[in-house]
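J.: This is the structure I have questions about; it appears just below.
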Amino acid sequence: MAGKIITVTSGKGGVGKTTTTANIGVALASRGRKVVVVDADIGLRNLDVVMGLENRVVYNLIHVVRGVASAERALIRDKRVPGLMLLAADQHSDKDDVDPEEMKDVCDQLRAFADFILVDSPAGIEQGFRNALAPADEVLLVTTPEVSAVRDADRVIGLVEASGKPAPRLVLNRIKPELVARGDMMSTEDVLDILRIHIIGIVPEDGDIVAATNRGEPVTLKRGSRAGQAYHNIAARLDGEDLPFMNLELPPTSLLDRLSHLFNLGGSGGTT
Ligand SMILES: Nc1ncnc2c1ncn2[C@@H]1O[C@H](COP(=O)(O)OP(=O)(O)OP(=O)(O)O)[C@@H](O)[C@H]1O
Ligand SMILES: [Mg+2]
């Protein structure tokens, strides 16, 4: 097996990198793929918590870097989804305790165990980001439709390209169709006009995500959630399927809404 390494990054913090990594991991594994999710947010580990695996962490990424444990030994197998594995971060170390070459080395070792290695990047563009970017064959860039997040995402696109990697693909997270329809939130087209990269998925704002995260059960494990469906679609696209995008556009409700939609927002959200 020679797994593909996909780094999930953002620039701005708190936009949904860890949620995206965990859920795409679940979705790819439920398609029968072998997946390792790697927590590269050293010092602030939380991918293990989001995945509900925190009580099973014995060895972590730093142990593998230092040769204390083999990559195989350090992997935690998720009993709910066959084929899904986690390499946890060390809470007691610092991002500077690993360098990009070491990160590349560990991720290269993981290629033997999985079809996909998903690396959850820390926020920012410093050492932790450089560590997470170094091993990437491909980069997914997560942003919310907010000006500050999009601006940071734009900066990250430049850094990814300057590092010689292919342009990232975009995951647009926390879209609220009703706000987009009212013109109170940037639409997918607005964001793409600024960033000018390909989009791989649009994830709606979904209250189930917060509850699911608190229970340590990524929302994708549950049937019927819209965000879960969005993550399944992203996984299918990563897996080479050519799927249409979900339609998140809400039909305008009142005549006034319809008119404002017609005159002000032509096409907003239309391709989602
Ligand atoms: N589509 C969504 N709908 C609702 N809540 C969401 C969605 N995506 C993420 N969240 C919530 O937003 C918060 C931040 O998400 P997450 O931890 O994944 O972000 P992050 O980018 O990894 O943050 P950090 O930069 O701190 O690592 C969490 O509470 C999560 O549950
Ligand atoms: Mg995170």
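Letters for chains follow the order of the structure tokens (A, B, ...), residue numbers begin at 1 for each chain, and ligand numbers begin at 1 in the order shown.
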List as a ChimeraX atom specification the protein and nucleic acid residues lying within 10 Å of ligand 1, with only C-alpha atoms and all ligand atoms counted.
T.: /A:8-23,39-41,44-47,50,120-124,142-144,172-176,202-214,218-219,226-228,230-231
J.: Got a sec to tell me which of stretch 3-250 of chain A DSSP assigns to strand (DSSP E), as a PDB file with C-alpha atoms, in the first residue's frame?
T.:
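Output file selection-v6.pdb follows:
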ATOM      1  CA  LYS A   4      -1.770   9.395  -0.156  1.00  0.00           C
ATOM      2  CA  ILE A   5      -1.002  12.135   2.375  1.00  0.00           C
ATOM      3  CA  ILE A   6      -3.613  14.892   2.574  1.00  0.00           C
ATOM      4  CA  THR A   7      -3.039  17.821   4.922  1.00  0.00           C
ATOM      5  CA  VAL A   8      -6.068  19.716   6.254  1.00  0.00           C
ATOM      6  CA  THR A   9      -5.183  23.315   7.005  1.00  0.00           C
ATOM      7  CA  VAL A  35      -7.285   5.702   6.768  1.00  0.00           C
ATOM      8  CA  VAL A  36      -4.881   7.137   9.321  1.00  0.00           C
ATOM      9  CA  VAL A  37      -5.791  10.499  10.802  1.00  0.00           C
ATOM     10  CA  VAL A  38      -2.751  12.257  12.242  1.00  0.00           C
ATOM     11  CA  ASP A  39      -3.008  14.960  14.884  1.00  0.00           C
ATOM     12  CA  ILE A  76      -5.050   3.454  17.616  1.00  0.00           C
ATOM     13  CA  ARG A  77      -7.636   1.415  15.743  1.00  0.00           C
ATOM     14  CA  LEU A  84      -9.892   3.889  10.630  1.00  0.00           C
ATOM     15  CA  MET A  85      -6.776   4.608  12.708  1.00  0.00           C
ATOM     16  CA  LEU A  86      -5.462   7.580  14.693  1.00  0.00           C
ATOM     17  CA  LEU A  87      -1.943   8.770  15.401  1.00  0.00           C
ATOM     18  CA  PHE A 116      -5.228   7.875   2.941  1.00  0.00           C
ATOM     19  CA  ILE A 117      -3.236   9.673   5.630  1.00  0.00           C
ATOM     20  CA  LEU A 118      -5.106  12.806   6.765  1.00  0.00           C
ATOM     21  CA  VAL A 119      -2.982  15.313   8.681  1.00  0.00           C
ATOM     22  CA  ASP A 120      -4.841  17.760  10.941  1.00  0.00           C
ATOM     23  CA  GLU A 138      -2.389  17.237  -1.480  1.00  0.00           C
ATOM     24  CA  VAL A 139      -3.800  20.007   0.700  1.00  0.00           C
ATOM     25  CA  LEU A 140      -7.383  20.690   1.743  1.00  0.00           C
ATOM     26  CA  LEU A 141      -7.985  24.260   2.836  1.00  0.00           C
ATOM     27  CA  VAL A 142     -10.872  24.833   5.240  1.00  0.00           C
ATOM     28  CA  THR A 143     -12.514  28.219   5.556  1.00  0.00           C
ATOM     29  CA  ARG A 169      -8.783  22.311  -2.735  1.00  0.00           C
ATOM     30  CA  LEU A 170     -11.344  24.201  -0.696  1.00  0.00           C
ATOM     31  CA  VAL A 171     -13.722  22.944   1.987  1.00  0.00           C
ATOM     32  CA  LEU A 172     -16.217  25.717   2.662  1.00  0.00           C
ATOM     33  CA  ASN A 173     -17.529  25.143   6.176  1.00  0.00           C
ATOM     34  CA  ARG A 174     -20.469  26.451   8.227  1.00  0.00           C
ATOM     35  CA  ILE A 175     -22.516  27.781   5.330  1.00  0.00           C
ATOM     36  CA  ILE A 199     -13.724  23.455  -4.312  1.00  0.00           C
ATOM     37  CA  ILE A 200     -14.104  19.905  -3.007  1.00  0.00           C
ATOM     38  CA  GLY A 201     -17.034  20.375  -0.657  1.00  0.00           C
ATOM     39  CA  ILE A 202     -19.488  22.647   1.098  1.00  0.00           C
ATOM     40  CA  VAL A 203     -20.457  21.788   4.667  1.00  0.00           C
ATOM     41  CA  PRO A 204     -23.534  23.438   6.154  1.00  0.00           C
TER      42      PRO A 204
END
J.: Among stretch 157-220 of chain A, which residues carry a DSSP assignment of helix (DSSP H, G or I), reported as a PyMOL selection string?
T.: chain A and resi 157-162+177-182+188-195+207-215+219-220
J.: With C-alpha atoms retained, write the just-selected residues as a CSV table (one decimal), in the first residue's frame.
T.:
chain,number,residue,atom,x,y,z
A,157,ILE,CA,-2.8,29.3,-0.7
A,158,GLY,CA,0.3,31.5,-1.5
A,159,LEU,CA,2.4,29.6,1.1
A,160,VAL,CA,1.3,26.2,-0.2
A,161,GLU,CA,2.1,27.1,-3.8
A,162,ALA,CA,5.4,28.6,-2.8
A,177,PRO,CA,-28.1,29.0,3.3
A,178,GLU,CA,-30.7,31.3,4.8
A,179,LEU,CA,-28.1,34.0,5.5
A,180,VAL,CA,-26.6,33.6,2.1
A,181,ALA,CA,-30.1,34.0,0.6
A,182,ARG,CA,-30.6,37.2,2.6
A,188,THR,CA,-19.8,30.0,-2.4
A,189,GLU,CA,-19.2,32.0,-5.5
A,190,ASP,CA,-18.1,35.1,-3.5
A,191,VAL,CA,-15.5,33.0,-1.7
A,192,LEU,CA,-14.3,31.3,-4.9
A,193,ASP,CA,-14.0,34.6,-6.7
A,194,ILE,CA,-11.5,35.7,-4.0
A,195,LEU,CA,-9.6,32.4,-3.6
A,207,GLY,CA,-25.9,21.9,15.3
A,208,ASP,CA,-25.4,18.2,15.4
A,209,ILE,CA,-21.7,18.7,15.0
A,210,VAL,CA,-21.3,20.4,18.4
A,211,ALA,CA,-23.3,17.7,20.2
A,212,ALA,CA,-21.5,14.9,18.2
A,213,THR,CA,-18.1,16.4,19.0
A,214,ASN,CA,-18.9,16.6,22.7
A,215,ARG,CA,-19.8,12.9,22.6
A,219,VAL,CA,-21.4,13.3,12.9
A,220,THR,CA,-20.6,11.2,9.9
J.: Separation of atom CA of A:Gly43 and atom CA of A:Asp94, in Å?
T.: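 Spanning atom CA of A:Gly43 to atom CA of A:Asp94 is a straight-line distance of 5.2 Å.
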J.: Got a sec: who's within 7 Å of stretch 52-63 of chain A, counting only C-alpha atoms, leaving out chain neighbours fewer than 4 positions off, as a list in words?
T.: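 Selected residues are Asp48, Gly67, Val68, Ala69, Ala74, Ile76, Leu87, Ala88, Ala89, Asp90, Gly216 and Glu217 of chain A.
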